[in-house]
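Colleague: Below is the file start-v4.txt, which contains compact mmCIF, C-alpha atoms.
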# COMPACT_ATOMS: atom_id res chain seq x y z
CA MET A 135 -20.03 37.30 66.94
CA LEU A 136 -18.85 34.34 68.96
CA GLN A 137 -21.26 31.95 70.47
CA THR A 138 -20.54 29.51 73.22
CA LYS A 139 -21.32 25.85 72.78
CA SER A 140 -24.29 26.19 75.13
CA GLU A 141 -25.79 29.02 73.07
CA VAL A 142 -25.30 26.94 69.94
CA LEU A 143 -26.96 24.04 71.76
CA ASP A 144 -30.01 26.22 72.50
CA THR A 145 -30.32 27.18 68.84
CA ILE A 146 -30.04 23.57 67.69
CA THR A 147 -32.65 22.50 70.25
CA THR A 148 -35.11 25.10 68.94
CA PHE A 149 -34.54 23.95 65.36
CA ILE A 150 -34.99 20.29 66.28
CA ARG A 151 -38.37 21.07 67.86
CA ASP A 152 -39.34 23.05 64.73
CA VAL A 153 -38.32 20.29 62.34
CA ILE A 154 -40.12 17.52 64.21
CA GLY A 155 -43.12 19.72 64.88
CA GLU A 156 -44.95 17.17 67.03
CA ASP A 157 -46.26 17.63 70.56
CA TRP A 158 -44.12 14.97 72.23
CA VAL A 159 -40.90 16.73 71.32
CA GLU A 160 -41.93 19.81 73.32
CA GLU A 161 -42.01 17.66 76.42
CA ILE A 162 -38.72 15.81 76.22
CA GLU A 163 -35.50 17.32 77.47
CA ILE A 164 -32.91 17.76 74.74
CA THR A 165 -29.33 17.76 76.01
CA GLN A 166 -25.95 17.38 74.38
CA ASP A 167 -26.17 13.63 74.95
CA THR A 168 -29.48 13.29 73.13
CA SER A 169 -29.07 11.08 70.07
CA PHE A 170 -30.79 11.95 66.79
CA ASN A 171 -31.45 8.33 66.00
CA GLY A 172 -32.16 7.21 69.56
CA GLU A 173 -34.42 9.44 71.66
CA LEU A 174 -35.41 11.73 68.82
CA GLU A 175 -35.90 9.07 66.14
CA LEU A 176 -35.24 11.72 63.56
CA GLU A 177 -36.01 10.68 59.98
CA SER A 178 -33.12 11.16 57.59
CA ILE A 179 -35.18 13.65 55.60
CA GLU A 180 -35.78 15.63 58.81
CA PHE A 181 -32.05 15.60 59.34
CA VAL A 182 -31.74 17.29 55.95
CA ALA A 183 -34.26 19.92 57.06
CA LEU A 184 -32.25 20.48 60.24
CA ALA A 185 -29.04 20.87 58.21
CA GLU A 186 -30.81 23.42 56.00
CA LYS A 187 -31.90 25.48 59.02
CA LEU A 188 -28.45 25.34 60.63
CA GLN A 189 -26.79 26.41 57.40
CA ALA A 190 -29.21 29.29 56.95
CA HIS A 191 -28.74 30.42 60.54
CA PHE A 192 -24.99 30.04 60.97
CA GLY A 193 -24.13 30.91 57.39
CA GLU A 194 -21.05 30.19 55.34
CA ASP A 195 -18.87 29.66 58.42
CA ILE A 196 -20.09 26.14 58.76
CA ASN A 197 -20.24 23.46 56.14
CA PHE A 198 -22.46 20.98 57.84
CA VAL A 199 -23.02 18.83 54.77
CA GLU A 200 -19.32 18.51 54.00
CA TRP A 201 -18.68 17.52 57.61
CA LEU A 202 -21.39 14.86 57.39
CA SER A 203 -20.30 13.58 54.00
CA GLY A 204 -16.95 12.61 55.53
CA LYS A 205 -18.75 10.21 57.85
CA ASP A 206 -20.23 6.82 57.11
CA LEU A 207 -23.80 5.94 57.88
CA GLU A 208 -22.94 4.25 61.19
CA GLU A 209 -21.26 7.43 62.42
CA ILE A 210 -24.14 9.62 61.29
CA ILE A 211 -26.60 7.35 63.08
CA ALA A 212 -24.61 7.63 66.31
CA LEU A 213 -24.45 11.45 66.28
CA THR A 214 -25.65 13.36 69.33
CA VAL A 215 -26.90 16.91 69.60
CA GLY A 216 -23.63 17.72 71.40
CA ASP A 217 -21.54 16.48 68.43
CA VAL A 218 -23.29 18.93 66.14
CA ALA A 219 -23.04 21.80 68.66
CA GLU A 220 -19.33 21.14 69.08
CA PHE A 221 -18.76 21.14 65.32
CA ILE A 222 -20.57 24.46 64.90
CA ALA A 223 -18.85 26.07 67.88
CA LYS A 224 -15.46 24.96 66.51
CA CYS A 225 -16.20 26.42 63.07
CA ARG A 226 -17.07 29.77 64.65
CA SER A 227 -14.20 30.05 67.10
CA MET B 158 -37.86 23.05 53.72
CA SER B 159 -37.89 24.60 50.27
CA PHE B 160 -40.74 23.94 47.91
CA VAL B 161 -41.26 24.82 44.25
CA ASP B 162 -44.54 24.56 42.35
CA ALA B 163 -43.70 22.82 39.10
CA ASN B 164 -46.13 21.40 36.55
CA GLY B 165 -48.95 21.89 39.06
CA VAL B 166 -47.37 19.90 41.87
CA ARG B 167 -45.53 21.10 44.97
CA LEU B 168 -42.05 19.60 45.00
CA HIS B 169 -39.54 19.54 47.84
CA VAL B 170 -36.18 20.80 46.58
CA GLN B 171 -32.78 21.04 48.23
CA SER B 172 -29.89 23.04 46.85
CA MET B 173 -26.22 22.57 47.65
CA GLY B 174 -23.13 24.44 46.52
CA PRO B 175 -22.64 27.94 45.09
CA ASN B 176 -25.71 29.91 44.11
CA ARG B 177 -26.67 30.76 40.58
CA SER B 178 -24.32 32.95 38.62
CA ALA B 179 -24.07 33.49 34.90
CA ASP B 180 -20.41 32.52 34.50
CA ALA B 181 -20.45 29.50 36.79
CA GLU B 182 -20.95 25.94 35.65
CA PRO B 183 -24.60 25.21 34.99
CA PRO B 184 -26.43 23.42 37.78
CA VAL B 185 -26.78 19.66 37.93
CA PHE B 186 -30.17 18.12 38.81
CA LEU B 187 -30.24 14.78 40.63
CA LEU B 188 -33.23 12.43 40.27
CA HIS B 189 -33.84 9.49 42.61
CA GLY B 190 -35.58 6.13 42.03
CA LEU B 191 -39.17 5.06 42.71
CA LEU B 192 -40.90 4.06 45.96
CA LEU B 193 -38.17 3.95 48.59
CA GLY B 194 -36.05 6.70 47.08
CA ASN B 195 -35.98 10.35 48.01
CA LEU B 196 -33.45 13.15 47.79
CA VAL B 197 -31.70 12.01 50.98
CA GLY B 198 -30.14 9.21 48.90
CA TRP B 199 -28.11 11.93 47.15
CA TYR B 200 -27.74 14.37 50.00
CA PHE B 201 -25.15 12.45 51.97
CA THR B 202 -23.54 10.62 49.03
CA LEU B 203 -22.95 12.30 45.64
CA ALA B 204 -24.28 15.77 46.25
CA PRO B 205 -21.53 17.17 48.54
CA ALA B 206 -18.79 16.05 46.13
CA LEU B 207 -20.54 17.48 43.06
CA ALA B 208 -21.38 20.73 44.92
CA LYS B 209 -17.73 21.73 45.40
CA ASN B 210 -17.70 23.91 42.30
CA ARG B 211 -21.27 24.07 41.07
CA ARG B 212 -24.84 24.18 42.19
CA VAL B 213 -26.52 20.84 42.86
CA LEU B 214 -30.33 20.68 42.90
CA MET B 215 -32.20 17.65 44.16
CA HIS B 216 -35.92 17.14 44.42
CA ASP B 217 -38.25 14.53 45.81
CA LEU B 218 -40.21 13.08 42.87
CA ARG B 219 -43.99 13.57 43.17
CA GLY B 220 -45.38 11.25 45.84
CA HIS B 221 -41.95 10.77 47.41
CA GLY B 222 -40.22 12.31 50.44
CA LYS B 223 -41.75 15.66 51.29
CA SER B 224 -43.22 16.38 47.87
CA GLU B 225 -46.95 16.49 47.24
CA ALA B 226 -48.55 13.15 46.30
CA PRO B 227 -51.26 13.73 43.69
CA PRO B 228 -53.30 10.60 42.85
CA GLU B 229 -51.97 10.39 39.29
CA GLY B 230 -49.11 11.34 37.01
CA TYR B 231 -46.39 8.87 37.93
CA ASP B 232 -45.59 8.12 34.30
CA LEU B 233 -42.34 9.21 32.66
CA ASP B 234 -43.87 12.01 30.57
CA THR B 235 -45.52 13.68 33.58
CA MET B 236 -42.49 13.32 35.79
CA ALA B 237 -40.29 14.71 32.99
CA ALA B 238 -42.68 17.69 32.84
CA ASP B 239 -42.26 18.09 36.64
CA LEU B 240 -38.50 18.22 36.09
CA GLY B 241 -39.02 20.70 33.27
CA GLY B 242 -40.94 22.97 35.61
CA LEU B 243 -38.03 22.93 38.05
CA ILE B 244 -35.43 23.56 35.36
CA ASP B 245 -37.47 26.53 34.09
CA HIS B 246 -37.73 27.80 37.66
CA PHE B 247 -34.01 27.63 38.42
CA GLU B 248 -32.69 28.47 34.94
CA PRO B 249 -35.27 30.88 33.50
CA ASP B 250 -32.85 32.04 30.79
CA GLY B 251 -32.84 28.61 29.23
CA ARG B 252 -29.23 27.69 29.94
CA PRO B 253 -28.68 23.94 29.40
CA VAL B 254 -28.20 21.93 32.60
CA ASP B 255 -26.66 18.59 33.51
CA LEU B 256 -28.85 15.72 34.71
CA VAL B 257 -28.02 12.69 36.87
CA GLY B 258 -30.69 10.06 37.44
CA HIS B 259 -30.86 6.72 39.23
CA SER B 260 -33.18 3.95 38.04
CA TRP B 261 -36.62 5.47 37.29
CA GLY B 262 -35.08 8.90 37.84
CA ALA B 263 -32.65 8.13 35.01
CA LEU B 264 -35.58 7.34 32.70
CA VAL B 265 -37.24 10.63 33.71
CA ALA B 266 -34.02 12.47 32.86
CA MET B 267 -33.72 10.69 29.49
CA THR B 268 -37.35 11.45 28.67
CA TYR B 269 -36.81 15.12 29.46
CA ALA B 270 -33.63 15.20 27.35
CA LEU B 271 -35.46 13.67 24.37
CA TYR B 272 -38.19 16.31 24.52
CA HIS B 273 -35.90 19.24 25.34
CA PRO B 274 -32.46 18.56 23.87
CA ASN B 275 -31.57 22.24 23.97
CA ARG B 276 -32.04 22.40 27.74
CA VAL B 277 -29.64 19.55 28.52
CA ARG B 278 -25.86 19.64 28.30
CA ARG B 279 -24.88 16.22 29.63
CA LEU B 280 -26.70 13.27 31.07
CA VAL B 281 -25.63 10.64 33.62
CA VAL B 282 -27.78 7.53 33.63
CA ILE B 283 -27.31 5.22 36.63
CA GLU B 284 -28.97 1.82 36.42
CA ALA B 285 -31.78 2.80 34.08
CA PRO B 286 -34.07 -0.20 33.56
CA LEU B 287 -35.33 -0.66 29.99
CA PRO B 288 -37.95 -1.70 29.23
CA PRO B 289 -38.86 -0.29 32.63
CA SER B 290 -41.02 -3.10 33.91
CA ASN B 291 -39.20 -5.99 32.26
CA PHE B 292 -37.16 -7.01 35.25
CA GLU B 293 -38.64 -9.81 37.23
CA GLU B 294 -37.11 -8.55 40.48
CA MET B 295 -38.73 -5.17 40.08
CA GLN B 296 -42.07 -6.61 38.99
CA SER B 297 -42.17 -8.88 42.03
CA PHE B 298 -41.03 -6.06 44.32
CA MET B 299 -43.83 -3.87 42.98
CA SER B 300 -46.33 -6.59 43.85
CA LEU B 301 -45.40 -6.66 47.55
CA SER B 302 -47.26 -4.90 50.29
CA PRO B 303 -45.61 -1.75 51.65
CA ARG B 304 -44.50 -3.60 54.80
CA GLU B 305 -42.93 -6.41 52.75
CA MET B 306 -41.17 -3.81 50.63
CA MET B 307 -39.60 -2.33 53.73
CA GLU B 308 -38.44 -5.75 54.85
CA LYS B 309 -36.71 -6.20 51.49
CA LEU B 310 -34.52 -3.14 51.95
CA PRO B 311 -31.13 -4.25 50.68
CA ASN B 312 -28.84 -2.36 53.00
CA THR B 313 -28.61 -3.50 56.60
CA SER B 314 -27.44 -0.05 57.68
CA ALA B 315 -30.49 1.46 56.05
CA ARG B 316 -32.58 -1.09 57.90
CA ASN B 317 -31.00 -0.09 61.19
CA LEU B 318 -31.74 3.50 60.40
CA ILE B 319 -35.43 2.79 60.08
CA SER B 320 -35.71 0.16 62.76
CA GLY B 321 -36.93 2.71 65.30
CA GLY B 322 -40.69 2.92 65.78
CA ARG B 323 -41.24 6.47 64.62
CA GLN B 324 -38.89 6.27 61.65
CA ALA B 325 -40.28 2.95 60.48
CA LEU B 326 -43.86 4.16 60.84
CA ARG B 327 -43.25 7.34 58.90
CA LEU B 328 -41.46 5.55 56.06
CA LEU B 329 -44.20 2.95 55.98
CA SER B 330 -46.97 5.54 55.93
CA ASN B 331 -45.28 7.31 53.00
CA LEU B 332 -45.04 4.01 51.16
CA VAL B 333 -48.65 3.11 51.91
CA ARG B 334 -49.75 6.50 50.60
CA LEU B 335 -47.78 5.98 47.40
CA VAL B 336 -48.79 2.36 46.76
CA ARG B 337 -52.45 2.53 47.82
CA LYS B 338 -53.50 6.10 47.06
CA THR B 339 -51.69 6.85 43.82
CA SER B 340 -51.21 5.35 40.37
CA CYS B 341 -47.46 4.96 40.95
CA VAL B 342 -47.25 1.16 40.76
CA ALA B 343 -49.70 0.94 37.86
CA ASP B 344 -47.83 3.65 35.96
CA PHE B 345 -44.58 1.76 36.51
CA LYS B 346 -46.09 -1.48 35.25
CA ASN B 347 -47.58 0.23 32.20
CA ALA B 348 -44.39 2.05 31.28
CA ARG B 349 -43.32 1.20 27.75
CA ASP B 350 -39.84 0.75 26.41
CA ILE B 351 -38.03 3.69 24.84
CA PRO B 352 -37.43 2.29 21.34
CA ASP B 353 -33.91 2.22 19.91
CA ALA B 354 -34.94 4.60 17.13
CA LEU B 355 -35.90 7.17 19.75
CA LEU B 356 -32.81 6.59 21.90
CA ALA B 357 -30.76 7.25 18.78
CA CYS B 358 -32.18 10.80 18.84
CA LEU B 359 -30.55 11.57 22.18
CA GLY B 360 -27.86 13.78 20.79
CA ARG B 361 -26.12 14.64 24.05
CA PRO B 362 -23.15 13.02 25.75
CA VAL B 363 -24.35 10.30 28.10
CA LEU B 364 -22.45 8.52 30.85
CA ALA B 365 -24.13 5.17 31.58
CA LEU B 366 -23.20 3.54 34.90
CA TYR B 367 -24.24 -0.01 35.73
CA GLY B 368 -23.47 -2.44 38.55
CA ASN B 369 -21.80 -5.73 37.64
CA ARG B 370 -24.27 -7.57 39.89
CA SER B 371 -27.36 -5.69 38.78
CA PRO B 372 -30.26 -7.31 36.92
CA CYS B 373 -30.24 -4.21 34.68
CA ARG B 374 -26.60 -4.65 33.63
CA GLY B 375 -27.44 -5.66 30.03
CA VAL B 376 -29.30 -2.38 29.47
CA GLY B 377 -25.94 -0.59 29.70
CA ASP B 378 -24.69 -2.51 26.65
CA ARG B 379 -27.83 -1.61 24.76
CA LEU B 380 -27.43 2.11 25.56
CA ALA B 381 -23.78 2.01 24.53
CA ARG B 382 -24.79 0.45 21.22
CA VAL B 383 -27.74 2.71 20.43
CA LEU B 384 -27.02 6.16 21.87
CA PRO B 385 -25.02 8.47 19.59
CA GLN B 386 -22.54 9.49 22.34
CA CYS B 387 -22.36 7.08 25.24
CA ARG B 388 -19.60 6.25 27.68
CA LEU B 389 -20.44 3.01 29.49
CA ARG B 390 -18.80 2.12 32.80
CA GLU B 391 -19.37 -0.99 34.89
CA LEU B 392 -18.89 -0.58 38.64
CA ALA B 393 -18.77 -3.19 41.38
CA GLY B 394 -22.22 -3.38 42.91
CA GLY B 395 -25.92 -4.01 42.40
CA HIS B 396 -28.82 -1.73 41.55
CA ASN B 397 -28.25 0.83 44.33
CA LEU B 398 -24.85 2.00 43.12
CA HIS B 399 -25.07 5.41 44.81
CA MET B 400 -25.12 3.59 48.15
CA GLU B 401 -22.86 0.66 47.28
CA ALA B 402 -20.15 2.32 45.18
CA THR B 403 -20.41 5.98 46.17
CA GLN B 404 -16.79 6.97 45.62
CA ALA B 405 -16.41 5.15 42.31
CA LEU B 406 -19.60 6.82 41.13
CA ILE B 407 -18.35 10.26 42.17
CA ASP B 408 -15.04 9.68 40.36
CA GLU B 409 -16.72 8.63 37.12
CA ILE B 410 -19.22 11.48 37.15
CA THR B 411 -16.71 14.23 37.97
CA GLU B 412 -14.39 12.94 35.26
CA PHE B 413 -17.26 12.96 32.77
CA PHE B 414 -18.27 16.51 33.72
CA ASP B 415 -14.68 17.79 33.85
CA ASP B 416 -13.11 16.26 30.79
CA GLY B 417 -13.85 19.39 28.80
CA MET B 418 -14.97 17.43 25.75
CA GLU B 419 -16.54 19.92 23.38
CA HIS B 420 -19.57 17.90 22.59
CA PRO B 421 -20.58 18.62 19.03
CA ARG B 422 -24.31 18.97 18.95
CA ILE B 423 -25.75 16.10 17.03
CA GLU B 424 -28.97 16.93 15.31
CA PRO B 425 -30.24 13.51 14.38
CA ALA B 426 -32.61 13.04 11.51
CA CYS B 427 -35.53 12.49 13.79
CA ALA B 428 -37.99 14.68 15.58
CA VAL B 429 -39.36 14.02 19.02
CA SER B 430 -42.63 15.67 19.80
CA GLY B 431 -44.13 15.98 23.22
CA ARG B 432 -44.25 18.30 26.14
Kindly present the structure from the file in C-alpha cells form.

Modeller:
Amino acid sequence: MLQTKSEVLDTITTFIRDVIGEDWVEEIEITQDTSFNGELELESIEFVALAEKLQAHFGEDINFVEWLSGKDLEEIIALTVGDVAEFIAKCRS
Amino acid sequence: MSFVDANGVRLHVQSMGPNRSADAEPPVFLLHGLLLGNLVGWYFTLAPALAKNRRVLMHDLRGHGKSEAPPEGYDLDTMAADLGGLIDHFEPDGRPVDLVGHSWGALVAMTYALYHPNRVRRLVVIEAPLPPSNFEEMQSFMSLSPREMMEKLPNTSARNLISGGRQALRLLSNLVRLVRKTSCVADFKNARDIPDALLACLGRPVLALYGNRSPCRGVGDRLARVLPQCRLRELAGGHNLHMEATQALIDEITEFFDDGMEHPRIEPACAVSGR
C-alpha cells in the first residue's frame, strides 16, 4: 500500500497532536515547514513518543531511529514535519 | 508510550531492536543518571548501535522522564529492585541479561548484579561515582535550585534544545518535582560506598569506562583493582561520556559484548544478601 507524502503528512500531524495532547496544538496549523523545535517546541522525550507511534504505524519498512541516529543534535533540532514525511514516503516507495 | 509496573512503580520503558526470541542474544538494559537524565540520553546515542543485533531496553528511573515519581525510594537498593522488576517482566524465564549504566545508573546496575549474580551476564559501568556522594562537584550541584541546575547544563547544544519556553518549563517542572517533592537528593547524599570486600564479590565481567577529564576518573582505577574481572578504558571526555564520546563508547561496548570471552563464573567466597 503506497501512501503519498501528503497522506503521510496527515498521519504525522495526527500523531503530533496526540503526543503533545494540549489544547493549543489543536489550534495551530501543522504544515511540512513546521519545525519540531520551533513552533511545536517538542520535548525530546515527546520526540521519542512520536518515533514510537510512527514505527508502530508504518512498521518495519521505516527505521526512524536509525535515520535519526545518523544525524547530530543540531540537525535533529532543525528537523521539520516535512523532513520526516519525506523520509517515510521514501522508505515506502 | 509503554509503561511497565515494576516493584510497585510505573516505569516508562522503550524497546529498540529485534523482539524477544530464545536463541537471540539476551537483551541489554540501559540505565541513565540522576536528575537531568532520562532514557532519551540513550535513545539517540548508544541504543541504535547496540540494537542492530539484539534487543535494547531503556527505562526512565523512578521520578525521571515519564516514569512515576513516588515520594521515596531513590536509594540504590530500591532502584535496583525497580530494575529487577523490569528484568523479570521482560525475561520471565530467568535468562541472564547485560546491563549498561551511566553514573548513578551504573551504581544501580552494580547493586542489582551483586544481589542477583545469576541474572546478569555482563556489566558496563560508565562513570560510576564511588563513594556516590564524595565528589565535591556533585555535592554542590545537588545543593543548587532546580533553575540553577538547568543553567549548569554542560552541553551548549542541550541548552539550545531546552531554550524554548515550553521545553524549558517542562524540564524545570520535572526537576522541581524531583528535588522538592521526593527524597531523591537526600537519598543521593546518604548513599554509602560499596566496600571493596563487596565489590570483590561481583563475579561477572565488567567493562569500566571513565572520562580522562572526569572528577570520577580515579574510581575506574579502584574498580580495576578490586573487581575480579574488570576491563578499564579511559576515553577522552568528562562525566557525560555518552554525549561527549558517543562513538568511542559504542566501539568499546560492542567489542566487550562481542569478544566471545567465555566468562568463567566466579563464585567468590562471600555471600550478598538483600532483595

Colleague: Taking only C-alpha atoms into account, name the residue in A:Leu213, A:Ile154, A:Val142, A:Ala223 that is nearest to Ile179 (chain A).

Modeller: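 Closest to Ile179 (chain A), using only C-alpha atoms: A:Ile154.
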
Colleague: Considering all atoms listed in the file, state which residue in the set A:Val182, A:Cys225, A:Ala212, A:Leu176 is at the smallest distance from Asn197 (chain A).

Modeller: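 Between A:Val182, A:Cys225, A:Ala212, A:Leu176, the residue approaching Asn197 (chain A) most closely is A:Cys225.
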
Colleague: Please, which residues of chain A lie no more than 12 Å from chain B when the count uses all atoms listed in the file, and can they be set out as a PDB file with C-alpha atoms, keeping the file's coordinate frame?

Modeller:
ATOM      1  CA  ASP A 152     -39.340  23.050  64.730  1.00  0.00           C
ATOM      2  CA  VAL A 153     -38.320  20.290  62.340  1.00  0.00           C
ATOM      3  CA  ILE A 154     -40.120  17.520  64.210  1.00  0.00           C
ATOM      4  CA  GLU A 156     -44.950  17.170  67.030  1.00  0.00           C
ATOM      5  CA  TRP A 158     -44.120  14.970  72.230  1.00  0.00           C
ATOM      6  CA  PHE A 170     -30.790  11.950  66.790  1.00  0.00           C
ATOM      7  CA  ASN A 171     -31.450   8.330  66.000  1.00  0.00           C
ATOM      8  CA  GLY A 172     -32.160   7.210  69.560  1.00  0.00           C
ATOM      9  CA  GLU A 173     -34.420   9.440  71.660  1.00  0.00           C
ATOM     10  CA  LEU A 174     -35.410  11.730  68.820  1.00  0.00           C
ATOM     11  CA  GLU A 175     -35.900   9.070  66.140  1.00  0.00           C
ATOM     12  CA  LEU A 176     -35.240  11.720  63.560  1.00  0.00           C
ATOM     13  CA  GLU A 177     -36.010  10.680  59.980  1.00  0.00           C
ATOM     14  CA  SER A 178     -33.120  11.160  57.590  1.00  0.00           C
ATOM     15  CA  ILE A 179     -35.180  13.650  55.600  1.00  0.00           C
ATOM     16  CA  GLU A 180     -35.780  15.630  58.810  1.00  0.00           C
ATOM     17  CA  PHE A 181     -32.050  15.600  59.340  1.00  0.00           C
ATOM     18  CA  VAL A 182     -31.740  17.290  55.950  1.00  0.00           C
ATOM     19  CA  ALA A 183     -34.260  19.920  57.060  1.00  0.00           C
ATOM     20  CA  LEU A 184     -32.250  20.480  60.240  1.00  0.00           C
ATOM     21  CA  ALA A 185     -29.040  20.870  58.210  1.00  0.00           C
ATOM     22  CA  GLU A 186     -30.810  23.420  56.000  1.00  0.00           C
ATOM     23  CA  LYS A 187     -31.900  25.480  59.020  1.00  0.00           C
ATOM     24  CA  LEU A 188     -28.450  25.340  60.630  1.00  0.00           C
ATOM     25  CA  GLN A 189     -26.790  26.410  57.400  1.00  0.00           C
ATOM     26  CA  ALA A 190     -29.210  29.290  56.950  1.00  0.00           C
ATOM     27  CA  GLU A 194     -21.050  30.190  55.340  1.00  0.00           C
ATOM     28  CA  ASN A 197     -20.240  23.460  56.140  1.00  0.00           C
ATOM     29  CA  PHE A 198     -22.460  20.980  57.840  1.00  0.00           C
ATOM     30  CA  VAL A 199     -23.020  18.830  54.770  1.00  0.00           C
ATOM     31  CA  GLU A 200     -19.320  18.510  54.000  1.00  0.00           C
ATOM     32  CA  TRP A 201     -18.680  17.520  57.610  1.00  0.00           C
ATOM     33  CA  LEU A 202     -21.390  14.860  57.390  1.00  0.00           C
ATOM     34  CA  SER A 203     -20.300  13.580  54.000  1.00  0.00           C
ATOM     35  CA  GLY A 204     -16.950  12.610  55.530  1.00  0.00           C
ATOM     36  CA  LYS A 205     -18.750  10.210  57.850  1.00  0.00           C
ATOM     37  CA  ASP A 206     -20.230   6.820  57.110  1.00  0.00           C
ATOM     38  CA  LEU A 207     -23.800   5.940  57.880  1.00  0.00           C
ATOM     39  CA  GLU A 208     -22.940   4.250  61.190  1.00  0.00           C
ATOM     40  CA  GLU A 209     -21.260   7.430  62.420  1.00  0.00           C
ATOM     41  CA  ILE A 210     -24.140   9.620  61.290  1.00  0.00           C
ATOM     42  CA  ILE A 211     -26.600   7.350  63.080  1.00  0.00           C
ATOM     43  CA  ALA A 212     -24.610   7.630  66.310  1.00  0.00           C
TER      44      ALA A 212
END

Colleague: Pick the closest to Pro289 (chain B) from B:Gly262, B:Pro227, B:Pro253, B:Gly368: which is it, counting only C-alpha atoms?

Modeller: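 The closest residue to Pro289 (chain B) is B:Gly262.
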
Colleague: Would you kindly return, as a VMD selection string, each protein, DNA or RNA residue with an atom no farther than 10 Å from any atom of region 389-391 of chain B, considering all atoms listed in the file and excluding same-chain residues fewer than 2 positions away?

Modeller: chain B and resid 282 to 283 363 to 370 374 377 to 382 386 to 387 393 to 394 406 409

Colleague: Excluding same-chain residues fewer than 4 positions from Ala219 (chain A), what lies within 8 Å of it counting all atoms listed in the file, as a PDB file with C-alpha atoms, keeping the file's coordinate frame?

Modeller:
ATOM      1  CA  LYS A 139     -21.320  25.850  72.780  1.00  0.00           C
ATOM      2  CA  SER A 140     -24.290  26.190  75.130  1.00  0.00           C
ATOM      3  CA  VAL A 142     -25.300  26.940  69.940  1.00  0.00           C
ATOM      4  CA  LEU A 143     -26.960  24.040  71.760  1.00  0.00           C
ATOM      5  CA  ILE A 146     -30.040  23.570  67.690  1.00  0.00           C
ATOM      6  CA  GLN A 166     -25.950  17.380  74.380  1.00  0.00           C
ATOM      7  CA  VAL A 215     -26.900  16.910  69.600  1.00  0.00           C
ATOM      8  CA  ALA A 223     -18.850  26.070  67.880  1.00  0.00           C
TER       9      ALA A 223
END

Colleague: Pick out the residues sitting within 7 Å of Tyr231 (chain B), and hand them over as a ChimeraX atom specification; count only C-alpha atoms, and ignore anything fewer than 5 positions along from it in its own chain.

Modeller: /B:236,340-341,344

Colleague: Select, counting all atoms listed in the file, all protein, DNA and RNA residues no farther than 10 Å from (-18.1, 21.9, 37.3) in file coordinates, and express the selection as JSON, numbers by chain.

Modeller: {"B": [181, 182, 183, 184, 185, 207, 208, 209, 210, 211, 212, 255, 411, 412, 414, 415, 416, 417]}

Colleague: By how many Å are CA of Gly242 (chain B) and CA of Asn164 (chain B) apart?

Modeller: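 These two atoms are separated by 5.5 Å.
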
Colleague: Pick out the closest residue to Lys338 (chain B) from this set: B:Val254, B:Ala226, B:Leu192, B:Ala163. Count all atoms listed in the file.

Modeller: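 Ranked by minimum distance to Lys338 (chain B), first place goes to B:Ala226.
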
Colleague: Would you pick out the contacts of Leu287 (chain B) at 10 Å or less, using all atoms listed in the file, so that residues sharing its chain but fewer than 6 positions from it are not included, and give the list as a compact mmCIF listing (two decimals) with C-alpha atoms, in the frame of the given file?

Modeller:
# COMPACT_ATOMS: atom_id res chain seq x y z
CA SER B 260 -33.18 3.95 38.04
CA TRP B 261 -36.62 5.47 37.29
CA LEU B 264 -35.58 7.34 32.70
CA ALA B 348 -44.39 2.05 31.28
CA ARG B 349 -43.32 1.20 27.75
CA ASP B 350 -39.84 0.75 26.41
CA ILE B 351 -38.03 3.69 24.84
CA PRO B 352 -37.43 2.29 21.34
CA CYS B 373 -30.24 -4.21 34.68
CA GLY B 375 -27.44 -5.66 30.03
CA VAL B 376 -29.30 -2.38 29.47
CA GLY B 377 -25.94 -0.59 29.70
CA ARG B 379 -27.83 -1.61 24.76
CA LEU B 380 -27.43 2.11 25.56

Colleague: Give the centre and edge lengths of an axis-aligned box, in Å to one decimal, that holds all listed atoms of region 192-206 of chain A with 5 Å on each side, as JSON.

Modeller:
{"center_x": -21.0, "center_y": 18.9, "center_z": 57.5, "size_x": 18.0, "size_y": 34.1, "size_z": 17.0}

Colleague: Please determine, counting all atoms listed in the file, which residue among A:Asp217, A:Lys224, A:Asp195, A:Ile150 has the shortest atom-to-atom distance to Ile162 (chain A).

Modeller: A:Ile150

Colleague: Just how far from CA of Thr147 (chain A) is CA of Leu326 (chain B), in Å to one decimal?

Modeller: 23.5 Å

Colleague: Would you compute the distance between CA of Asp234 (chain B) and CA of Val277 (chain B)? Give it in Å to one decimal.

Modeller: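 If I compute the distance from CA of Asp234 (chain B) to CA of Val277 (chain B), I get 16.2 Å.
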
Colleague: Would you mind listing what lies within 10 Å of Leu240 (chain B) as JSON, numbers by chain, with only C-alpha atoms counted and same-chain residues fewer than 4 positions away left out?

Modeller: {"B": [163, 164, 168, 186, 188, 216, 218, 234, 235, 236, 244, 245, 246, 265, 266, 269]}

Colleague: Would you kindly place N, CA and C atoms on region 161-167 of chain A and return the model as a PDB file, in the coordinates of the input?

Modeller:
ATOM      1  N   GLU A 161     -42.046  18.124  75.027  1.00  0.00           N
ATOM      2  CA  GLU A 161     -42.010  17.660  76.420  1.00  0.00           C
ATOM      3  C   GLU A 161     -40.711  16.969  76.801  1.00  0.00           C
ATOM      4  N   ILE A 162     -39.948  16.505  75.813  1.00  0.00           N
ATOM      5  CA  ILE A 162     -38.720  15.810  76.220  1.00  0.00           C
ATOM      6  C   ILE A 162     -37.563  16.806  76.345  1.00  0.00           C
ATOM      7  N   GLU A 163     -36.661  16.462  77.253  1.00  0.00           N
ATOM      8  CA  GLU A 163     -35.500  17.320  77.470  1.00  0.00           C
ATOM      9  C   GLU A 163     -34.446  16.979  76.413  1.00  0.00           C
ATOM     10  N   ILE A 164     -33.959  17.988  75.728  1.00  0.00           N
ATOM     11  CA  ILE A 164     -32.910  17.760  74.740  1.00  0.00           C
ATOM     12  C   ILE A 164     -31.597  18.275  75.315  1.00  0.00           C
ATOM     13  N   THR A 165     -30.632  17.378  75.479  1.00  0.00           N
ATOM     14  CA  THR A 165     -29.330  17.760  76.010  1.00  0.00           C
ATOM     15  C   THR A 165     -28.259  17.425  74.974  1.00  0.00           C
ATOM     16  N   GLN A 166     -27.006  17.684  75.359  1.00  0.00           N
ATOM     17  CA  GLN A 166     -25.950  17.380  74.380  1.00  0.00           C
ATOM     18  C   GLN A 166     -25.774  15.878  74.185  1.00  0.00           C
ATOM     19  N   ASP A 167     -26.292  15.081  75.099  1.00  0.00           N
ATOM     20  CA  ASP A 167     -26.170  13.630  74.950  1.00  0.00           C
ATOM     21  C   ASP A 167     -27.333  13.009  74.175  1.00  0.00           C
TER      22      ASP A 167
END
